[in-house]
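A.B. asks: For reference, the file upload-v3.pdb (PDB, C-alpha atoms) is included below:
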```
ATOM      1  CA  ALA A   1       0.000   0.000   0.000  1.00  0.00           C
ATOM      2  CA  ILE A   2       1.207   3.519  -0.793  1.00  0.00           C
ATOM      3  CA  ARG A   3       1.239   5.954   2.109  1.00  0.00           C
ATOM      4  CA  THR A   4       0.206   9.476   1.229  1.00  0.00           C
ATOM      5  CA  LYS A   5       0.338  12.635   3.280  1.00  0.00           C
ATOM      6  CA  SER A   6      -2.392  15.238   3.081  1.00  0.00           C
ATOM      7  CA  LEU A   7      -1.184  18.710   2.136  1.00  0.00           C
ATOM      8  CA  LEU A   8      -4.361  20.307   3.462  1.00  0.00           C
ATOM      9  CA  SER A   9      -3.361  19.761   7.081  1.00  0.00           C
ATOM     10  CA  HIS A  10      -0.251  21.934   6.700  1.00  0.00           C
ATOM     11  CA  THR A  11      -0.562  25.694   6.761  1.00  0.00           C
ATOM     12  CA  VAL A  12       2.137  27.773   5.142  1.00  0.00           C
ATOM     13  CA  ASN A  13       3.022  31.168   6.566  1.00  0.00           C
ATOM     14  CA  MET A  14       4.256  33.224   3.604  1.00  0.00           C
ATOM     15  CA  ASP A  15       5.409  36.089   5.827  1.00  0.00           C
ATOM     16  CA  SER A  16       8.028  34.071   7.684  1.00  0.00           C
ATOM     17  CA  GLN A  17      11.710  34.669   6.916  1.00  0.00           C
ATOM     18  CA  GLU A  18      12.314  30.990   6.102  1.00  0.00           C
ATOM     19  CA  ASN A  19       9.859  31.048   3.192  1.00  0.00           C
ATOM     20  CA  ARG A  20      11.308  34.212   1.678  1.00  0.00           C
ATOM     21  CA  CYS A  21      14.978  33.265   1.967  1.00  0.00           C
ATOM     22  CA  PRO A  22      16.321  29.817   2.845  1.00  0.00           C
ATOM     23  CA  PHE A  23      19.539  31.254   4.328  1.00  0.00           C
ATOM     24  CA  GLN A  24      20.200  32.883   7.676  1.00  0.00           C
ATOM     25  CA  GLU A  25      23.441  34.419   8.888  1.00  0.00           C
ATOM     26  CA  TYR A  26      25.051  32.865  11.965  1.00  0.00           C
ATOM     27  CA  GLN A  27      28.070  33.927  13.971  1.00  0.00           C
ATOM     28  CA  ILE A  28      29.850  30.907  15.436  1.00  0.00           C
ATOM     29  CA  ILE A  29      32.708  31.024  17.947  1.00  0.00           C
ATOM     30  CA  GLY A  30      34.669  27.857  18.656  1.00  0.00           C
ATOM     31  CA  ARG A  31      38.047  26.560  19.712  1.00  0.00           C
ATOM     32  CA  LYS A  32      40.136  23.474  20.351  1.00  0.00           C
ATOM     33  CA  TYR A  33      39.681  21.754  23.725  1.00  0.00           C
ATOM     34  CA  PRO A  34      42.199  23.033  26.340  1.00  0.00           C
ATOM     35  CA  THR A  35      45.008  20.598  27.093  1.00  0.00           C
ATOM     36  CA  PRO A  36      47.890  20.677  29.622  1.00  0.00           C
ATOM     37  CA  SER A  37      50.282  21.533  26.811  1.00  0.00           C
ATOM     38  CA  GLU A  38      47.942  24.239  25.437  1.00  0.00           C
ATOM     39  CA  PRO A  39      45.749  25.611  28.248  1.00  0.00           C
ATOM     40  CA  ASN A  40      44.541  28.669  26.275  1.00  0.00           C
ATOM     41  CA  PRO A  41      43.881  27.583  22.674  1.00  0.00           C
ATOM     42  CA  LYS A  42      43.169  30.092  19.947  1.00  0.00           C
ATOM     43  CA  ILE A  43      39.508  31.062  19.470  1.00  0.00           C
ATOM     44  CA  TYR A  44      38.024  31.143  15.959  1.00  0.00           C
ATOM     45  CA  ARG A  45      35.006  33.210  14.876  1.00  0.00           C
ATOM     46  CA  MET A  46      33.125  32.820  11.597  1.00  0.00           C
ATOM     47  CA  ARG A  47      30.014  34.247   9.980  1.00  0.00           C
ATOM     48  CA  ILE A  48      28.267  31.503   8.052  1.00  0.00           C
ATOM     49  CA  PHE A  49      25.150  31.480   5.858  1.00  0.00           C
ATOM     50  CA  ALA A  50      23.087  28.354   6.448  1.00  0.00           C
ATOM     51  CA  PRO A  51      19.420  27.308   6.633  1.00  0.00           C
ATOM     52  CA  ASN A  52      19.622  26.339  10.332  1.00  0.00           C
ATOM     53  CA  GLU A  53      21.976  25.950  13.308  1.00  0.00           C
ATOM     54  CA  VAL A  54      22.848  22.325  12.586  1.00  0.00           C
ATOM     55  CA  VAL A  55      24.096  23.089   9.072  1.00  0.00           C
ATOM     56  CA  ALA A  56      25.894  26.214  10.341  1.00  0.00           C
ATOM     57  CA  LYS A  57      27.835  24.171  12.928  1.00  0.00           C
ATOM     58  CA  SER A  58      28.687  21.573  10.303  1.00  0.00           C
ATOM     59  CA  ARG A  59      30.016  24.243   7.935  1.00  0.00           C
ATOM     60  CA  PHE A  60      32.002  25.825  10.774  1.00  0.00           C
ATOM     61  CA  TRP A  61      33.811  22.563  11.522  1.00  0.00           C
ATOM     62  CA  TYR A  62      34.356  21.977   7.800  1.00  0.00           C
ATOM     63  CA  PHE A  63      36.176  25.323   7.401  1.00  0.00           C
ATOM     64  CA  VAL A  64      38.100  25.099  10.687  1.00  0.00           C
ATOM     65  CA  ARG A  65      39.297  21.614   9.786  1.00  0.00           C
ATOM     66  CA  LYS A  66      40.445  22.805   6.342  1.00  0.00           C
ATOM     67  CA  LEU A  67      42.023  26.106   7.425  1.00  0.00           C
ATOM     68  CA  LYS A  68      43.299  25.444  10.957  1.00  0.00           C
ATOM     69  CA  ARG A  69      43.398  21.636  11.188  1.00  0.00           C
ATOM     70  CA  VAL A  70      41.082  21.451  14.205  1.00  0.00           C
ATOM     71  CA  LYS A  71      38.714  18.500  14.084  1.00  0.00           C
ATOM     72  CA  LYS A  72      35.233  18.435  15.569  1.00  0.00           C
ATOM     73  CA  TRP A  73      35.991  15.759  18.161  1.00  0.00           C
ATOM     74  CA  LYS A  74      38.954  17.832  19.388  1.00  0.00           C
ATOM     75  CA  GLY A  75      37.017  21.101  19.677  1.00  0.00           C
ATOM     76  CA  GLU A  76      34.003  22.838  21.166  1.00  0.00           C
ATOM     77  CA  ILE A  77      31.601  25.572  20.120  1.00  0.00           C
ATOM     78  CA  LEU A  78      31.558  28.422  22.618  1.00  0.00           C
ATOM     79  CA  ASP A  79      28.727  30.485  21.140  1.00  0.00           C
ATOM     80  CA  ILE A  80      26.344  30.495  18.204  1.00  0.00           C
ATOM     81  CA  SER A  81      24.106  33.473  17.474  1.00  0.00           C
ATOM     82  CA  LEU A  82      21.745  34.490  14.697  1.00  0.00           C
ATOM     83  CA  ILE A  83      22.591  37.841  13.078  1.00  0.00           C
ATOM     84  CA  GLU A  84      19.566  40.010  12.306  1.00  0.00           C
ATOM     85  CA  GLU A  85      19.781  42.941   9.908  1.00  0.00           C
ATOM     86  CA  GLU A  86      18.654  46.416  10.892  1.00  0.00           C
ATOM     87  CA  ASP A  87      17.450  47.855   7.580  1.00  0.00           C
ATOM     88  CA  LYS A  88      15.377  45.370   5.572  1.00  0.00           C
ATOM     89  CA  GLY A  89      13.399  47.891   3.540  1.00  0.00           C
ATOM     90  CA  THR A  90      16.067  49.517   1.359  1.00  0.00           C
ATOM     91  CA  ALA A  91      17.624  48.000  -1.754  1.00  0.00           C
ATOM     92  CA  LYS A  92      21.403  47.783  -1.416  1.00  0.00           C
ATOM     93  CA  ASN A  93      24.333  46.655  -3.561  1.00  0.00           C
ATOM     94  CA  TYR A  94      26.386  43.681  -2.383  1.00  0.00           C
ATOM     95  CA  GLY A  95      29.731  42.404  -3.618  1.00  0.00           C
ATOM     96  CA  ILE A  96      30.360  38.699  -2.956  1.00  0.00           C
ATOM     97  CA  TRP A  97      33.735  36.972  -3.185  1.00  0.00           C
ATOM     98  CA  LEU A  98      33.291  33.231  -3.473  1.00  0.00           C
ATOM     99  CA  ARG A  99      35.093  30.036  -4.265  1.00  0.00           C
ATOM    100  CA  PHE A 100      33.404  27.135  -5.997  1.00  0.00           C
ATOM    101  CA  GLU A 101      34.287  23.692  -7.158  1.00  0.00           C
ATOM    102  CA  SER A 102      33.211  22.677 -10.651  1.00  0.00           C
ATOM    103  CA  ARG A 103      33.802  19.591 -12.739  1.00  0.00           C
ATOM    104  CA  ALA A 104      36.919  21.224 -14.239  1.00  0.00           C
ATOM    105  CA  GLY A 105      38.546  22.583 -11.088  1.00  0.00           C
ATOM    106  CA  ILE A 106      38.338  25.114  -8.261  1.00  0.00           C
ATOM    107  CA  TYR A 107      37.700  28.764  -9.126  1.00  0.00           C
ATOM    108  CA  ASN A 108      37.581  32.080  -7.305  1.00  0.00           C
ATOM    109  CA  MET A 109      34.956  34.583  -8.375  1.00  0.00           C
ATOM    110  CA  TYR A 110      33.538  38.019  -7.628  1.00  0.00           C
ATOM    111  CA  LYS A 111      29.866  38.790  -8.225  1.00  0.00           C
ATOM    112  CA  GLU A 112      27.545  41.707  -7.520  1.00  0.00           C
ATOM    113  CA  PHE A 113      23.908  41.514  -6.494  1.00  0.00           C
ATOM    114  CA  ARG A 114      21.207  43.963  -5.501  1.00  0.00           C
ATOM    115  CA  ASP A 115      18.888  42.969  -2.656  1.00  0.00           C
ATOM    116  CA  VAL A 116      17.391  44.267   0.572  1.00  0.00           C
ATOM    117  CA  THR A 117      19.318  41.873   2.878  1.00  0.00           C
ATOM    118  CA  ARG A 118      22.657  40.062   2.954  1.00  0.00           C
ATOM    119  CA  CYS A 119      20.892  36.697   3.161  1.00  0.00           C
ATOM    120  CA  GLY A 120      18.809  37.588   0.106  1.00  0.00           C
ATOM    121  CA  ALA A 121      21.965  38.485  -1.835  1.00  0.00           C
ATOM    122  CA  VAL A 122      23.554  35.160  -0.862  1.00  0.00           C
ATOM    123  CA  HIS A 123      20.400  33.326  -1.959  1.00  0.00           C
ATOM    124  CA  CYS A 124      20.582  35.140  -5.331  1.00  0.00           C
ATOM    125  CA  CYS A 125      24.252  34.158  -5.559  1.00  0.00           C
ATOM    126  CA  TYR A 126      23.516  30.458  -4.977  1.00  0.00           C
ATOM    127  CA  SER A 127      20.701  30.529  -7.572  1.00  0.00           C
ATOM    128  CA  ASN A 128      22.932  32.342 -10.066  1.00  0.00           C
ATOM    129  CA  MET A 129      25.787  29.887  -9.599  1.00  0.00           C
ATOM    130  CA  ALA A 130      23.443  26.932  -9.973  1.00  0.00           C
ATOM    131  CA  SER A 131      22.007  28.264 -13.224  1.00  0.00           C
ATOM    132  CA  LEU A 132      25.145  29.622 -14.910  1.00  0.00           C
ATOM    133  CA  HIS A 133      27.842  27.235 -13.650  1.00  0.00           C
ATOM    134  CA  CYS A 134      25.884  24.126 -12.528  1.00  0.00           C
ATOM    135  CA  ALA A 135      27.510  24.572  -9.094  1.00  0.00           C
ATOM    136  CA  ARG A 136      25.875  22.726  -6.217  1.00  0.00           C
ATOM    137  CA  GLY A 137      25.317  24.466  -2.917  1.00  0.00           C
ATOM    138  CA  ARG A 138      27.745  22.271  -1.000  1.00  0.00           C
ATOM    139  CA  HIS A 139      30.540  23.202  -3.436  1.00  0.00           C
ATOM    140  CA  ILE A 140      30.123  26.990  -2.994  1.00  0.00           C
ATOM    141  CA  GLN A 141      32.061  28.790  -0.259  1.00  0.00           C
ATOM    142  CA  ILE A 142      31.295  32.427   0.498  1.00  0.00           C
ATOM    143  CA  ILE A 143      34.602  34.122   1.311  1.00  0.00           C
ATOM    144  CA  LYS A 144      33.433  37.693   1.874  1.00  0.00           C
ATOM    145  CA  ILE A 145      30.329  39.813   1.400  1.00  0.00           C
ATOM    146  CA  VAL A 146      30.475  43.615   1.392  1.00  0.00           C
ATOM    147  CA  GLU A 147      27.819  46.296   1.028  1.00  0.00           C
ATOM    148  CA  LEU A 148      28.848  48.580  -1.847  1.00  0.00           C
ATOM    149  CA  LYS A 149      28.123  52.207  -2.647  1.00  0.00           C
ATOM    150  CA  ASP A 150      26.723  53.026  -6.082  1.00  0.00           C
ATOM    151  CA  GLU A 151      30.031  54.413  -7.359  1.00  0.00           C
ATOM    152  CA  ASP A 152      31.937  51.279  -6.237  1.00  0.00           C
ATOM    153  CA  CYS A 153      29.895  48.863  -8.367  1.00  0.00           C
ATOM    154  CA  LYS A 154      31.732  47.419 -11.366  1.00  0.00           C
ATOM    155  CA  ARG A 155      29.149  45.279 -13.138  1.00  0.00           C
ATOM    156  CA  PRO A 156      26.947  46.975 -15.761  1.00  0.00           C
ATOM    157  CA  TYR A 157      23.870  44.899 -14.844  1.00  0.00           C
ATOM    158  CA  ILE A 158      23.992  46.495 -11.366  1.00  0.00           C
ATOM    159  CA  GLN A 159      25.010  49.977 -12.538  1.00  0.00           C
ATOM    160  CA  GLN A 160      21.906  50.224 -14.739  1.00  0.00           C
ATOM    161  CA  LEU A 161      19.758  50.154 -11.579  1.00  0.00           C
ATOM    162  CA  HIS A 162      21.318  53.344 -10.182  1.00  0.00           C
ATOM    163  CA  GLY A 163      20.144  56.883 -10.702  1.00  0.00           C
ATOM    164  CA  PRO A 164      17.208  59.049  -9.638  1.00  0.00           C
ATOM    165  CA  ASP A 165      15.307  58.724 -12.951  1.00  0.00           C
ATOM    166  CA  LEU A 166      14.985  54.924 -12.816  1.00  0.00           C
ATOM    167  CA  LYS A 167      11.624  53.768 -14.228  1.00  0.00           C
ATOM    168  CA  PHE A 168      10.099  50.358 -14.819  1.00  0.00           C
ATOM    169  CA  PRO A 169       7.591  50.299 -17.695  1.00  0.00           C
ATOM    170  CA  MET A 170       4.396  48.290 -17.348  1.00  0.00           C
ATOM    171  CA  PRO A 171       3.567  47.077 -20.875  1.00  0.00           C
ATOM    172  CA  HIS A 172       0.911  44.547 -19.865  1.00  0.00           C
ATOM    173  CA  ARG A 173      -1.869  46.396 -18.021  1.00  0.00           C
ATOM    174  CA  ARG A 174      -4.869  44.472 -16.819  1.00  0.00           C
ATOM    175  CA  VAL A 175      -8.018  46.541 -16.482  1.00  0.00           C
ATOM    176  CA  ARG A 176      -9.744  46.056 -13.157  1.00  0.00           C
ATOM    177  CA  PHE A 177     -13.300  47.295 -12.949  1.00  0.00           C
ATOM    178  CA  ALA A 178     -14.208  49.456  -9.989  1.00  0.00           C
ATOM    179  CA  GLU A 179     -17.618  47.889  -9.362  1.00  0.00           C
ATOM    180  CA  LYS A 180     -18.752  44.313  -9.457  1.00  0.00           C
ATOM    181  CA  ARG A 181     -21.663  44.987 -11.837  1.00  0.00           C
ATOM    182  CA  TYR A 182     -19.192  45.882 -14.622  1.00  0.00           C
ATOM    183  CA  ARG A 183     -17.258  42.648 -14.300  1.00  0.00           C
ATOM    184  CA  THR A 184     -18.183  39.924 -16.751  1.00  0.00           C
ATOM    185  CA  PRO A 185     -16.484  36.732 -17.919  1.00  0.00           C
ATOM    186  CA  PHE A 186     -17.471  37.407 -21.544  1.00  0.00           C
ATOM    187  CA  LEU A 187     -16.820  40.497 -23.653  1.00  0.00           C
ATOM    188  CA  ARG A 188     -17.947  41.427 -27.177  1.00  0.00           C
ATOM    189  CA  LYS A 189     -14.487  42.705 -28.042  1.00  0.00           C
ATOM    190  CA  ARG A 190     -11.139  41.274 -26.988  1.00  0.00           C
ATOM    191  CA  MET A 191      -9.478  43.491 -24.407  1.00  0.00           C
ATOM    192  CA  ASN A 192      -6.186  45.111 -25.413  1.00  0.00           C
ATOM    193  CA  THR A 193      -3.750  45.050 -22.484  1.00  0.00           C
ATOM    194  CA  TRP A 194      -0.510  45.741 -24.377  1.00  0.00           C
ATOM    195  CA  GLN A 195       0.484  49.409 -24.570  1.00  0.00           C
TER     196      GLN A 195
END
```
Would you encode the structure as structure tokens?
C.D. replies:
Amino acid sequence: AIRTKSLLSHTVNMDSQENRCPFQEYQIIGRKYPTPSEPNPKIYRMRIFAPNEVVAKSRFWYFVRKLKRVKKWKGEILDISLIEEEDKGTAKNYGIWLRFESRAGIYNMYKEFRDVTRCGAVHCCYSNMASLHCARGRHIQIIKIVELKDEDCKRPYIQQLHGPDLKFPMPHRRVRFAEKRYRTPFLRKRMNTWQ
């Protein structure tokens, strides 16, 4: 017998942060366990983009093992905190330095994105890398992310969005009738919505 799960029993909250952007920014602080030979080991701090705390801790140990040769069973996490952004209503420019592993080799790259949050820019970066370079999420490493001023942007596809006279045309206008009595499913003449 096939077991099915009803989708009607689950309610989806579209306003939650998880539905808008699958990434959250975590700050993780960890170190090697103290030993008699090294009573005060060096402390490492990283800012990691991950969907939840479990993945963030896993990525932290992955980078610490690669960069500093500290394994998970020899270390401890001192603190993990979620970083919330102050201004989520203004569009900003972000420059992202990243490293990704493709079928041909390992490459470094710089990309620019325009979004209202850092997590949104990282989500755009992952989607862009998946579409243009077939890069999987586990093979992408965000090295640095910086908020850029308009004059610091280098890419033309971001520079075209700057300026006070920016306009977005609306070629496909749908007429919405003010009162219900004017609405009808059938019309004598086909409506022209392209202008």
A.B. asks: So which residues get picked by the PyMOL selection byres ((chain A and resi 191) around 12) here, written as an MDAnalysis selection string?
C.D. replies: chainID A and resid 172:176 185:190 192:195
A.B. asks: Per residue of segment 16-62 of chain A within 7 Å of segment 73-88 of chain A, record the nearest atom pair and its distance in Å to one decimal, counting all atoms listed in the file, with rows in chain order and ascending residue number, as a tab-separated table.
C.D. replies:
```
residue	atom	partner	partner_atom	distance
A:Glu25	CA	A:Ile83	CA	5.5
A:Tyr26	CA	A:Leu82	CA	4.6
A:Gln27	CA	A:Ser81	CA	5.3
A:Ile28	CA	A:Ile80	CA	4.5
A:Ile29	CA	A:Asp79	CA	5.1
A:Gly30	CA	A:Ile77	CA	4.1
A:Arg31	CA	A:Gly75	CA	5.6
A:Lys32	CA	A:Gly75	CA	4.0
A:Tyr33	CA	A:Gly75	CA	4.9
```
A.B. asks: Now that the selection is made, can you save its residues with C-alpha atoms as an mmCIF file, in the coordinates of the input?
C.D. replies:
```cif
data_model
loop_
_atom_site.group_PDB
_atom_site.id
_atom_site.type_symbol
_atom_site.label_atom_id
_atom_site.label_comp_id
_atom_site.auth_asym_id
_atom_site.auth_seq_id
_atom_site.Cartn_x
_atom_site.Cartn_y
_atom_site.Cartn_z
ATOM 1 C CA GLU A 25 23.441 34.419 8.888
ATOM 2 C CA TYR A 26 25.051 32.865 11.965
ATOM 3 C CA GLN A 27 28.070 33.927 13.971
ATOM 4 C CA ILE A 28 29.850 30.907 15.436
ATOM 5 C CA ILE A 29 32.708 31.024 17.947
ATOM 6 C CA GLY A 30 34.669 27.857 18.656
ATOM 7 C CA ARG A 31 38.047 26.560 19.712
ATOM 8 C CA LYS A 32 40.136 23.474 20.351
ATOM 9 C CA TYR A 33 39.681 21.754 23.725
#
```
A.B. asks: For the structure shown, which residues end up in the PyMOL selection byres ((chain A and resi 111) around 6)? Put them as a PyMOL selection string, please?
C.D. replies: chain A and resi 95-96+110+112
A.B. asks: I'd like to see the residues matched by the PyMOL selection byres ((chain A and resi 107) around 12) on this file, and ideally I'd get them as a list in words.
C.D. replies: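 For this structure, the PyMOL selection byres ((chain A and resi 107) around 12) captures Trp97, Leu98, Arg99, Phe100, Glu101, Ser102, Arg103, Ala104, Gly105, Ile106, Asn108, Met109, Tyr110, Met129, His133, Ala135, His139, Ile140 and Gln141 of chain A.
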A.B. asks: So the first atom is atom CA of Cys124 of chain A and the second is atom CA of Arg155 of chain A; what is the distance between them in Å, to one decimal place?
C.D. replies: 15.4 Å
A.B. asks: Just the number, please: distance in Å from atom CA of Ser37 of chain A to atom CA of Phe63 of chain A, one decimal.
C.D. replies: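 According to the coordinates, atom CA of Ser37 of chain A and atom CA of Phe63 of chain A are separated by 24.3 Å.
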A.B. asks: Quick one, how far is atom CA of Tyr126 of chain A from atom CA of His162 of chain A?
C.D. replies: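 These two atoms are separated by 23.6 Å.
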A.B. asks: Do you know which residues are at most 9 Å from Lys57 of chain A counting all atoms listed in the file, after dropping those on the same chain fewer than 3 positions away, and could you put them as number ranges by chain?
C.D. replies: A: 28, 48, 52-54, 60-62, 77, 80
A.B. asks: Given 6 Å of margin on each side, can you work out the centre and size in Å (one decimal) of an axis-aligned box holding every listed atom of segment 74-82 of chain A, as JSON?
C.D. replies:
```
{"center_x": 30.3, "center_y": 26.2, "center_z": 18.7, "size_x": 29.2, "size_y": 28.7, "size_z": 19.9}
```
A.B. asks: Quick one: of A:Arg47, A:Lys144, A:Lys167, A:Arg136, who's nearest to Gln24 of chain A, counting all atoms listed in the file?
C.D. replies: A:Arg47
